[in-house]
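Chemist: My structure is in input_37.cif, and what it holds is mmCIF, C-alpha atoms and all ligand atoms:
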```cif
data_run
loop_
_atom_site.label_atom_id
_atom_site.label_comp_id
_atom_site.auth_asym_id
_atom_site.auth_seq_id
_atom_site.Cartn_x
_atom_site.Cartn_y
_atom_site.Cartn_z
CA MET A 1 56.14 0.52 -17.40
CA LYS A 2 59.07 1.66 -15.33
CA ILE A 3 58.47 1.57 -11.60
CA LEU A 4 60.26 4.39 -9.77
CA ASN A 5 59.52 3.03 -6.33
CA GLU A 6 57.38 0.33 -4.76
CA PHE A 7 56.18 -0.67 -1.31
CA LYS A 8 54.28 -3.88 -0.56
CA CYS A 9 52.74 -5.07 2.65
CA THR A 10 50.42 -7.83 3.80
CA PHE A 11 48.27 -7.69 6.91
CA PRO A 12 45.30 -9.57 8.37
CA ALA A 13 41.72 -8.41 7.75
CA ASN A 14 41.44 -6.62 11.07
CA SER A 15 39.63 -3.27 11.10
CA ALA A 16 42.46 -1.70 13.14
CA ASN A 17 44.55 -2.04 9.97
CA GLU A 18 42.33 0.38 8.01
CA GLY A 19 44.09 3.28 9.74
CA LEU A 20 47.44 1.56 9.31
CA ALA A 21 46.86 1.29 5.54
CA ARG A 22 46.11 5.04 5.37
CA ALA A 23 49.18 5.88 7.43
CA THR A 24 51.37 3.65 5.24
CA LEU A 25 50.08 5.34 2.09
CA SER A 26 50.66 8.81 3.59
CA ALA A 27 54.26 7.88 4.37
CA PHE A 28 54.81 6.43 0.88
CA LEU A 29 53.39 9.58 -0.76
CA ILE A 30 55.83 11.96 0.95
CA GLN A 31 58.35 11.36 -1.87
CA ALA A 32 55.75 12.55 -4.42
CA ASP A 33 54.92 15.71 -2.45
CA PRO A 34 51.15 15.63 -3.18
CA THR A 35 48.82 18.55 -2.47
CA ALA A 36 46.66 18.36 0.66
CA GLN A 37 43.70 17.45 -1.52
CA GLU A 38 45.52 14.72 -3.45
CA LEU A 39 46.70 13.23 -0.15
CA ALA A 40 43.18 13.36 1.33
CA ASP A 41 41.68 11.79 -1.80
CA LEU A 42 44.14 8.90 -1.89
CA ARG A 43 43.83 8.23 1.84
CA THR A 44 40.07 7.95 1.33
CA VAL A 45 40.51 5.65 -1.66
CA ILE A 46 42.77 3.16 0.13
CA SER A 47 40.50 3.23 3.15
CA GLU A 48 37.51 2.31 0.97
CA ALA A 49 39.36 -0.56 -0.71
CA VAL A 50 40.78 -2.06 2.50
CA THR A 51 37.45 -1.65 4.32
CA ASN A 52 35.65 -3.47 1.50
CA ALA A 53 38.13 -6.35 1.70
CA ILE A 54 37.52 -6.63 5.46
CA VAL A 55 33.76 -6.02 5.52
CA HIS A 56 32.72 -7.85 2.36
CA GLY A 57 35.64 -9.94 1.15
CA TYR A 58 36.33 -11.71 4.42
CA ARG A 59 32.90 -11.04 6.04
CA GLY A 60 33.16 -12.52 9.54
CA THR A 61 36.20 -14.62 8.65
CA THR A 62 39.81 -13.60 8.38
CA GLY A 63 42.58 -13.70 5.82
CA ASP A 64 45.33 -11.62 4.31
CA ILE A 65 45.05 -8.31 2.51
CA THR A 66 47.96 -7.26 0.31
CA VAL A 67 48.59 -3.66 -0.60
CA CYS A 68 51.07 -2.67 -3.29
CA LEU A 69 51.94 1.01 -3.72
CA ARG A 70 53.95 2.29 -6.66
CA LEU A 71 55.33 5.56 -7.81
CA LEU A 72 55.26 5.55 -11.63
CA PRO A 73 56.78 8.07 -14.07
CA GLU A 74 54.98 11.36 -14.76
CA ARG A 75 53.72 11.55 -11.16
CA VAL A 76 51.31 8.63 -11.36
CA ILE A 77 50.44 6.84 -8.11
CA TYR A 78 49.45 3.18 -8.38
CA ILE A 79 47.54 1.43 -5.59
CA LYS A 80 46.71 -2.28 -5.69
CA VAL A 81 44.61 -3.94 -2.97
CA THR A 82 44.10 -7.72 -3.04
CA ASP A 83 42.01 -10.02 -0.89
CA LYS A 84 41.42 -13.74 -1.17
CA GLY A 85 37.89 -13.49 0.14
CA CYS A 86 34.47 -14.31 -1.30
CA GLY A 87 34.84 -12.30 -4.52
CA ILE A 88 32.18 -10.16 -6.22
CA PRO A 89 29.60 -12.11 -8.24
CA ASP A 90 28.50 -9.11 -10.34
CA VAL A 91 31.13 -6.36 -10.48
CA GLN A 92 29.06 -4.03 -12.63
CA LYS A 93 26.18 -4.09 -10.19
CA ALA A 94 28.53 -3.74 -7.20
CA MET A 95 29.96 -0.57 -8.72
CA GLU A 96 26.60 1.15 -9.12
CA PRO A 97 26.34 4.11 -6.74
CA LEU A 98 24.20 3.30 -3.67
CA TYR A 99 24.32 -0.45 -4.27
CA THR A 100 25.28 -2.32 -1.12
CA SER A 101 24.88 -5.93 -0.13
CA ALA A 102 24.85 -4.87 3.55
CA PRO A 103 22.28 -2.07 4.01
CA GLU A 104 21.35 -3.32 7.49
CA GLU A 105 24.89 -2.48 8.62
CA ASP A 106 24.64 1.23 7.85
CA ARG A 107 26.59 0.93 4.62
CA ALA A 108 25.92 3.64 2.06
CA GLY A 109 26.96 1.79 -1.08
CA LEU A 110 29.28 4.65 -2.00
CA GLY A 111 32.73 3.11 -1.67
CA PHE A 112 33.18 2.40 -5.38
CA ALA A 113 31.70 5.78 -6.36
CA ILE A 114 34.21 7.53 -4.09
CA MET A 115 37.10 5.43 -5.43
CA GLN A 116 36.08 6.28 -9.00
CA THR A 117 35.75 9.98 -8.28
CA PHE A 118 39.11 10.25 -6.53
CA THR A 119 41.23 8.25 -9.00
CA SER A 120 42.16 8.61 -12.66
CA SER A 121 41.43 4.94 -13.33
CA LEU A 122 40.02 1.98 -11.43
CA ARG A 123 40.17 -1.66 -12.48
CA VAL A 124 38.41 -4.45 -10.63
CA ARG A 125 39.26 -8.11 -11.08
CA SER A 126 37.17 -10.50 -9.05
CA ILE A 127 36.43 -14.19 -9.13
CA ALA A 128 33.57 -15.43 -6.96
CA GLY A 129 35.00 -17.70 -4.29
CA HIS A 130 38.61 -16.64 -4.94
CA GLY A 131 38.93 -12.97 -4.13
CA THR A 132 39.16 -9.47 -5.47
CA THR A 133 41.92 -7.21 -6.77
CA LEU A 134 41.53 -3.46 -7.23
CA ILE A 135 44.06 -1.50 -9.24
CA MET A 136 43.80 2.27 -9.04
CA ARG A 137 45.90 4.98 -10.59
CA ARG A 138 45.92 8.66 -9.80
CA GLN A 139 47.68 11.28 -11.85
CA LEU A 140 49.11 13.91 -9.50
CA GLY A 141 49.22 17.54 -10.61
CA VAL A 142 52.33 19.18 -12.04
CA LYS A 143 54.72 20.31 -9.36
CA HIS A 144 55.77 23.97 -9.70
CA GLU A 145 59.18 25.00 -8.43
CA GLU A 146 59.15 27.16 -5.32
CA GLY A 147 59.54 30.92 -5.71
CA MET B 1 33.70 11.49 21.22
CA LYS B 2 31.77 13.62 23.68
CA LEU B 3 27.97 13.58 23.89
CA HIS B 4 25.96 16.44 25.28
CA TYR B 5 22.19 16.80 25.53
CA ASP B 6 20.53 20.16 26.05
CA ILE B 7 16.98 19.76 27.38
CA ASP B 8 15.77 23.28 26.64
CA SER B 9 16.56 23.10 22.93
CA SER B 10 16.09 19.31 22.69
CA CYS B 11 19.47 19.19 21.01
CA LEU B 12 21.87 16.24 21.18
CA THR B 13 25.42 17.13 20.24
CA ALA B 14 28.08 14.54 19.40
CA VAL B 15 31.54 16.05 19.23
CA LEU B 16 33.44 13.61 17.03
CA ASP B 17 37.19 13.48 16.80
CA GLY B 18 40.05 11.89 14.88
CA GLU B 19 39.43 9.49 12.03
CA ILE B 20 35.89 8.28 11.33
CA ASP B 21 36.26 4.94 9.55
CA HIS B 22 34.66 1.49 9.72
CA HIS B 23 36.89 0.59 12.70
CA ILE B 24 35.46 3.42 14.81
CA ALA B 25 31.96 3.88 13.33
CA GLY B 26 30.38 0.95 15.19
CA MET B 27 31.27 2.38 18.58
CA VAL B 28 30.13 5.90 17.65
CA ARG B 29 26.85 4.49 16.35
CA MET B 30 26.18 2.58 19.58
CA GLU B 31 26.80 5.56 21.84
CA VAL B 32 24.87 8.05 19.69
CA ASP B 33 21.89 5.69 19.28
CA THR B 34 21.71 5.06 23.02
CA ALA B 35 21.46 8.83 23.55
CA ILE B 36 18.93 9.24 20.72
CA TYR B 37 16.63 6.60 22.19
CA ALA B 38 17.03 8.09 25.69
CA HIS B 39 16.16 11.66 24.68
CA SER B 40 14.36 11.63 21.30
CA PRO B 41 16.12 14.90 20.42
CA ARG B 42 14.61 17.35 17.96
CA THR B 43 18.09 18.13 16.63
CA LEU B 44 21.19 15.96 16.36
CA VAL B 45 24.39 17.93 15.87
CA LEU B 46 27.35 15.94 14.57
CA ASP B 47 30.33 18.20 15.20
CA PHE B 48 33.11 17.41 12.69
CA GLY B 49 35.35 20.27 13.89
CA ASN B 50 38.02 17.87 15.22
CA VAL B 51 37.60 15.16 12.59
CA THR B 52 40.67 14.68 10.38
CA PHE B 53 39.42 11.85 8.17
CA MET B 54 36.13 10.35 7.08
CA ASP B 55 35.21 7.79 4.40
CA SER B 56 31.96 6.12 3.32
CA SER B 57 31.63 4.50 6.75
CA GLY B 58 30.97 8.02 8.08
CA ILE B 59 28.34 8.53 5.37
CA GLY B 60 26.66 5.29 6.44
CA LEU B 61 26.75 6.54 10.01
CA ILE B 62 24.92 9.75 9.06
CA MET B 63 22.39 7.94 6.86
CA GLY B 64 21.62 5.42 9.62
CA ARG B 65 21.02 8.16 12.19
CA TYR B 66 18.81 9.99 9.67
CA LYS B 67 16.66 6.87 9.29
CA ILE B 68 16.15 6.73 13.06
CA LEU B 69 15.52 10.45 13.58
CA GLN B 70 13.31 11.22 10.62
CA PRO B 71 10.26 9.26 11.85
CA LEU B 72 10.68 11.02 15.22
CA GLY B 73 10.61 14.40 13.47
CA GLY B 74 14.25 15.10 14.26
CA THR B 75 16.78 16.82 12.02
CA ILE B 76 20.55 16.55 11.67
CA ILE B 77 23.16 19.31 11.51
CA LEU B 78 26.65 18.49 10.25
CA LEU B 79 28.86 21.08 11.88
CA ARG B 80 32.26 22.41 10.80
CA PRO B 81 33.48 19.75 8.37
CA ALA B 82 37.02 20.37 7.05
CA PRO B 83 37.12 21.05 3.28
CA HIS B 84 38.04 17.45 2.31
CA ILE B 85 35.28 16.07 4.53
CA GLY B 86 32.80 18.60 3.14
CA ARG B 87 33.65 17.27 -0.35
CA ILE B 88 32.74 13.72 0.63
CA LEU B 89 29.54 14.88 2.33
CA ARG B 90 28.47 16.69 -0.84
CA LEU B 91 29.59 13.86 -3.12
CA ALA B 92 27.30 11.59 -1.08
CA GLY B 93 24.44 14.09 -1.29
CA MET B 94 24.30 14.54 2.48
CA GLU B 95 22.98 18.10 2.14
CA ARG B 96 19.68 16.50 1.16
CA LEU B 97 19.39 14.66 4.48
CA ALA B 98 21.07 17.14 6.77
CA GLU B 99 22.16 20.73 7.05
CA ILE B 100 25.87 21.41 6.64
CA ARG B 101 26.91 24.41 8.71
CA GLN B 102 30.13 26.14 9.60
CA GLU B 103 28.75 27.47 12.86
CA LEU B 104 25.89 26.69 15.18
CA GLY B 105 23.60 29.70 14.88
CA GLU B 106 20.45 30.37 16.84
CA GLY B 107 18.50 28.38 14.26
CA ALA B 108 19.45 25.08 15.84
CA MET B 109 18.44 26.17 19.27
CA GLN B 110 14.77 27.03 18.96
N1 LIG C 1 36.53 -6.88 -1.71
C1 LIG C 1 35.24 -7.22 -1.88
N2 LIG C 1 34.86 -8.54 -1.77
C2 LIG C 1 33.57 -8.89 -1.94
N3 LIG C 1 32.57 -8.04 -2.22
C3 LIG C 1 32.88 -6.73 -2.37
C4 LIG C 1 34.23 -6.26 -2.20
N4 LIG C 1 34.22 -4.93 -2.41
C5 LIG C 1 32.96 -4.58 -2.70
N5 LIG C 1 32.13 -5.65 -2.65
C6 LIG C 1 30.69 -5.65 -2.97
O1 LIG C 1 30.39 -4.46 -3.66
C7 LIG C 1 29.36 -3.73 -2.98
C8 LIG C 1 29.57 -2.25 -3.19
O2 LIG C 1 30.76 -1.80 -2.56
P1 LIG C 1 30.85 -0.27 -2.09
O3 LIG C 1 32.14 -0.07 -1.39
O4 LIG C 1 30.53 0.61 -3.24
O5 LIG C 1 29.63 -0.15 -1.06
P2 LIG C 1 29.54 -0.74 0.43
O6 LIG C 1 30.86 -1.19 0.89
O7 LIG C 1 28.44 -1.74 0.45
O8 LIG C 1 29.10 0.54 1.25
P3 LIG C 1 30.08 1.75 1.72
O9 LIG C 1 31.37 1.58 1.00
O10 LIG C 1 29.35 2.99 1.32
O11 LIG C 1 30.21 1.59 3.19
C9 LIG C 1 29.44 -4.19 -1.55
O12 LIG C 1 28.23 -4.02 -0.86
C10 LIG C 1 29.81 -5.68 -1.74
O13 LIG C 1 28.67 -6.44 -2.03
MG MG C 2 32.57 -0.03 0.76
#
```
Let me see the structure of the file written as C-alpha cells.
Modeler:
Amino acid sequence: MKILNEFKCTFPANSANEGLARATLSAFLIQADPTAQELADLRTVISEAVTNAIVHGYRGTTGDITVCLRLLPERVIYIKVTDKGCGIPDVQKAMEPLYTSAPEEDRAGLGFAIMQTFTSSLRVRSIAGHGTTLIMRRQLGVKHEEG
Amino acid sequence: MKLHYDIDSSCLTAVLDGEIDHHIAGMVRMEVDTAIYAHSPRTLVLDFGNVTFMDSSGIGLIMGRYKILQPLGGTIILLRPAPHIGRILRLAGMERLAEIRQELGEGAMQ
C-alpha cells in the first residue's frame, strides 16, 4: 500500500522515552489533523506499546525500541513498535483483559485491552527469546471542510 | 504532585499533575503510600484536575492503592478527570473500585 509519509526512530528502553514517544507521535499526527479524541487515543496506544517493551520486553535489561509511524491513504494511521526483548510465550493469553505477568508491580493487565479498543486493528508478532512487534492501524474520521 | 492530609475529615488528597505514565507512577506510588501508612486515611482523593495524560500505569496505580486502603476501610475518590481520562477510567471499570466525581462535595468530608 502507498505510504504518504513515514517517520522512524530508535531509542533505548528507558522509561523517560515513554513521554518522548507520545510527543513524537503527536508531532507526526499534526499533518493528519486528528480530533482531540483521536489524538488522545493514539497517544495512549503508543504509550502502552512502548511501556510494554520497556517493562516486559527488556525487563531489567536494556536494548533498542524502534517506532515506525506512517500516514496511509484514506486517513489511516499506522504505528509499529518493535523490541528485541524476551518475547511473549503465549500471545493469546497475554492479550486477555486483566492478564499480567507482573501483578506485584501494580500492573492492571489492561494495556492490550486499551490498545485494542483505541485502534481499528492490532497485530502482534512475537517470538520467545527474540522480541515482539506490534502493528496497529487506526482509521481517522472524515475531515469536514471548515464553514 | 502535592499531598495534603486533613485530620478532621481523615482525608488524604493527592493533587496529581502532568502525564501519569509508567515513568512517573513509581514515584507517585511511593509518596502516596508513605502518607497512607502514616495517616490511615478514611478517604483518599486523587485529584486529576491537572492531569493531561494517563495510561494503564495510572490504572495500576489506582488499583494498588485500592488494595491497600480497602482492608483499612478506606475509600477512593477520583476527582475531576478530563474526558479522555474519564474514558480510560471507565474502560478499566474503575467506578467499581472508586467514586468518580467532578467536584468534591460535602460527602467526602464527613
Ligand atoms: N513487548 C513485550 N515483551 C514481552 N512480554 C510482553 C510484551 N508486551 C506484553 N507482554 C506480556 O503481556 C502481558 C499483558 O500485557 P498488557 O499490556 O495487557 O498488561 P500489563 O503490561 O501486564 O499491565 P498494564 O499494561 O495494565 O500496566 C504482560 O504482562 C506481559 O507478560
Ligand atoms: Mg502493559
Chemist: Please extract the residues at most 12 Å from ligand MG 2 (chain C), counting all atoms listed in the file, and provide them as a PyMOL selection string, using the chain letters and residue numbers of this document.
Modeler: (chain A and resi 44-57+94-103+105-115) or (chain B and resi 21-22+55-60)
Chemist: Just to confirm, what's the straight-line distance from atom CA of Asp64 of chain A to atom N3 of ligand LIG 1 (chain C) in Å (one decimal)?
Modeler: 14.8 Å
Chemist: Name the closest residue to chain A among the candidates B:Leu79, B:Leu69, B:Val28, B:Ala92; distances are taken between atoms, counting all atoms listed in the file.
Modeler: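 So, comparing all the options, the nearest one is B:Ala92.
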Chemist: Atom CA of Asp8 of chain B to atom CA of Arg42 of chain B: how many Å, to one decimal?
Modeler: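 For atom CA of Asp8 of chain B relative to atom CA of Arg42 of chain B, the distance reads 10.6 Å.
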Chemist: Output as a ChimeraX atom specification the set of chain B residues within 12 Å of chain A, with distances taken over only C-alpha atoms.
Modeler: /B:18-26,29-30,52-68,82-94
Chemist: Could you add N, CA and C atoms to segment 1-34 of chain A and give me the result as a tab-separated table (two decimals), keeping the file's coordinate frame?
Modeler:
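Output file out_12.tsv is given in full below:
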```tsv
chain	number	residue	atom	x	y	z
A	1	MET	N	55.76	-0.87	-17.69
A	1	MET	CA	56.14	0.52	-17.40
A	1	MET	C	57.14	0.56	-16.25
A	2	LYS	N	58.03	1.52	-16.34
A	2	LYS	CA	59.07	1.66	-15.33
A	2	LYS	C	58.45	1.99	-13.96
A	3	ILE	N	58.95	1.30	-12.95
A	3	ILE	CA	58.47	1.57	-11.60
A	3	ILE	C	59.56	2.35	-10.86
A	4	LEU	N	59.25	3.55	-10.43
A	4	LEU	CA	60.26	4.39	-9.77
A	4	LEU	C	60.48	3.95	-8.32
A	5	ASN	N	59.39	3.54	-7.69
A	5	ASN	CA	59.52	3.03	-6.33
A	5	ASN	C	58.30	2.18	-6.01
A	6	GLU	N	58.47	1.27	-5.07
A	6	GLU	CA	57.38	0.33	-4.76
A	6	GLU	C	57.42	-0.04	-3.29
A	7	PHE	N	56.25	-0.20	-2.69
A	7	PHE	CA	56.18	-0.67	-1.31
A	7	PHE	C	55.02	-1.65	-1.21
A	8	LYS	N	55.32	-2.86	-0.69
A	8	LYS	CA	54.28	-3.88	-0.56
A	8	LYS	C	54.14	-4.28	0.89
A	9	CYS	N	52.91	-4.52	1.31
A	9	CYS	CA	52.74	-5.07	2.65
A	9	CYS	C	51.50	-5.96	2.68
A	10	THR	N	51.53	-6.90	3.62
A	10	THR	CA	50.42	-7.83	3.80
A	10	THR	C	50.04	-7.81	5.27
A	11	PHE	N	48.74	-7.75	5.52
A	11	PHE	CA	48.27	-7.69	6.91
A	11	PHE	C	46.93	-8.41	7.02
A	12	PRO	N	46.58	-8.86	8.22
A	12	PRO	CA	45.30	-9.57	8.37
A	12	PRO	C	44.10	-8.62	8.27
A	13	ALA	N	42.95	-9.18	7.92
A	13	ALA	CA	41.72	-8.41	7.75
A	13	ALA	C	41.14	-8.03	9.11
A	14	ASN	N	41.84	-7.10	9.75
A	14	ASN	CA	41.44	-6.62	11.07
A	14	ASN	C	41.16	-5.13	10.90
A	15	SER	N	40.02	-4.66	11.40
A	15	SER	CA	39.63	-3.27	11.10
A	15	SER	C	40.63	-2.25	11.64
A	16	ALA	N	41.43	-2.63	12.64
A	16	ALA	CA	42.46	-1.70	13.14
A	16	ALA	C	43.46	-1.38	12.05
A	17	ASN	N	43.57	-2.25	11.04
A	17	ASN	CA	44.55	-2.04	9.97
A	17	ASN	C	44.07	-1.08	8.89
A	18	GLU	N	42.81	-0.63	8.96
A	18	GLU	CA	42.33	0.38	8.01
A	18	GLU	C	43.14	1.67	8.19
A	19	GLY	N	43.31	2.07	9.45
A	19	GLY	CA	44.09	3.28	9.74
A	19	GLY	C	45.56	3.08	9.39
A	20	LEU	N	46.04	1.86	9.62
A	20	LEU	CA	47.44	1.56	9.31
A	20	LEU	C	47.70	1.66	7.80
A	21	ALA	N	46.73	1.20	7.00
A	21	ALA	CA	46.86	1.29	5.54
A	21	ALA	C	46.92	2.76	5.11
A	22	ARG	N	46.08	3.60	5.71
A	22	ARG	CA	46.11	5.04	5.37
A	22	ARG	C	47.44	5.66	5.76
A	23	ALA	N	47.92	5.30	6.95
A	23	ALA	CA	49.18	5.88	7.43
A	23	ALA	C	50.34	5.43	6.54
A	24	THR	N	50.32	4.18	6.11
A	24	THR	CA	51.37	3.65	5.24
A	24	THR	C	51.38	4.40	3.92
A	25	LEU	N	50.18	4.61	3.36
A	25	LEU	CA	50.08	5.34	2.09
A	25	LEU	C	50.60	6.77	2.27
A	26	SER	N	50.20	7.43	3.35
A	26	SER	CA	50.66	8.81	3.59
A	26	SER	C	52.17	8.87	3.60
A	27	ALA	N	52.79	7.90	4.28
A	27	ALA	CA	54.26	7.88	4.37
A	27	ALA	C	54.88	7.64	2.99
A	28	PHE	N	54.29	6.72	2.22
A	28	PHE	CA	54.81	6.43	0.88
A	28	PHE	C	54.72	7.65	-0.03
A	29	LEU	N	53.64	8.45	0.15
A	29	LEU	CA	53.39	9.58	-0.76
A	29	LEU	C	54.29	10.78	-0.50
A	30	ILE	N	54.97	10.80	0.64
A	30	ILE	CA	55.83	11.96	0.95
A	30	ILE	C	56.79	12.24	-0.19
A	31	GLN	N	57.37	11.18	-0.78
A	31	GLN	CA	58.35	11.36	-1.87
A	31	GLN	C	57.74	12.02	-3.11
A	32	ALA	N	56.41	11.95	-3.25
A	32	ALA	CA	55.75	12.55	-4.42
A	32	ALA	C	55.24	13.96	-4.13
A	33	ASP	N	55.33	14.37	-2.87
A	33	ASP	CA	54.92	15.71	-2.45
A	33	ASP	C	53.54	16.10	-3.00
A	34	PRO	N	52.50	15.33	-2.66
A	34	PRO	CA	51.15	15.63	-3.18
A	34	PRO	C	50.57	16.88	-2.51
```
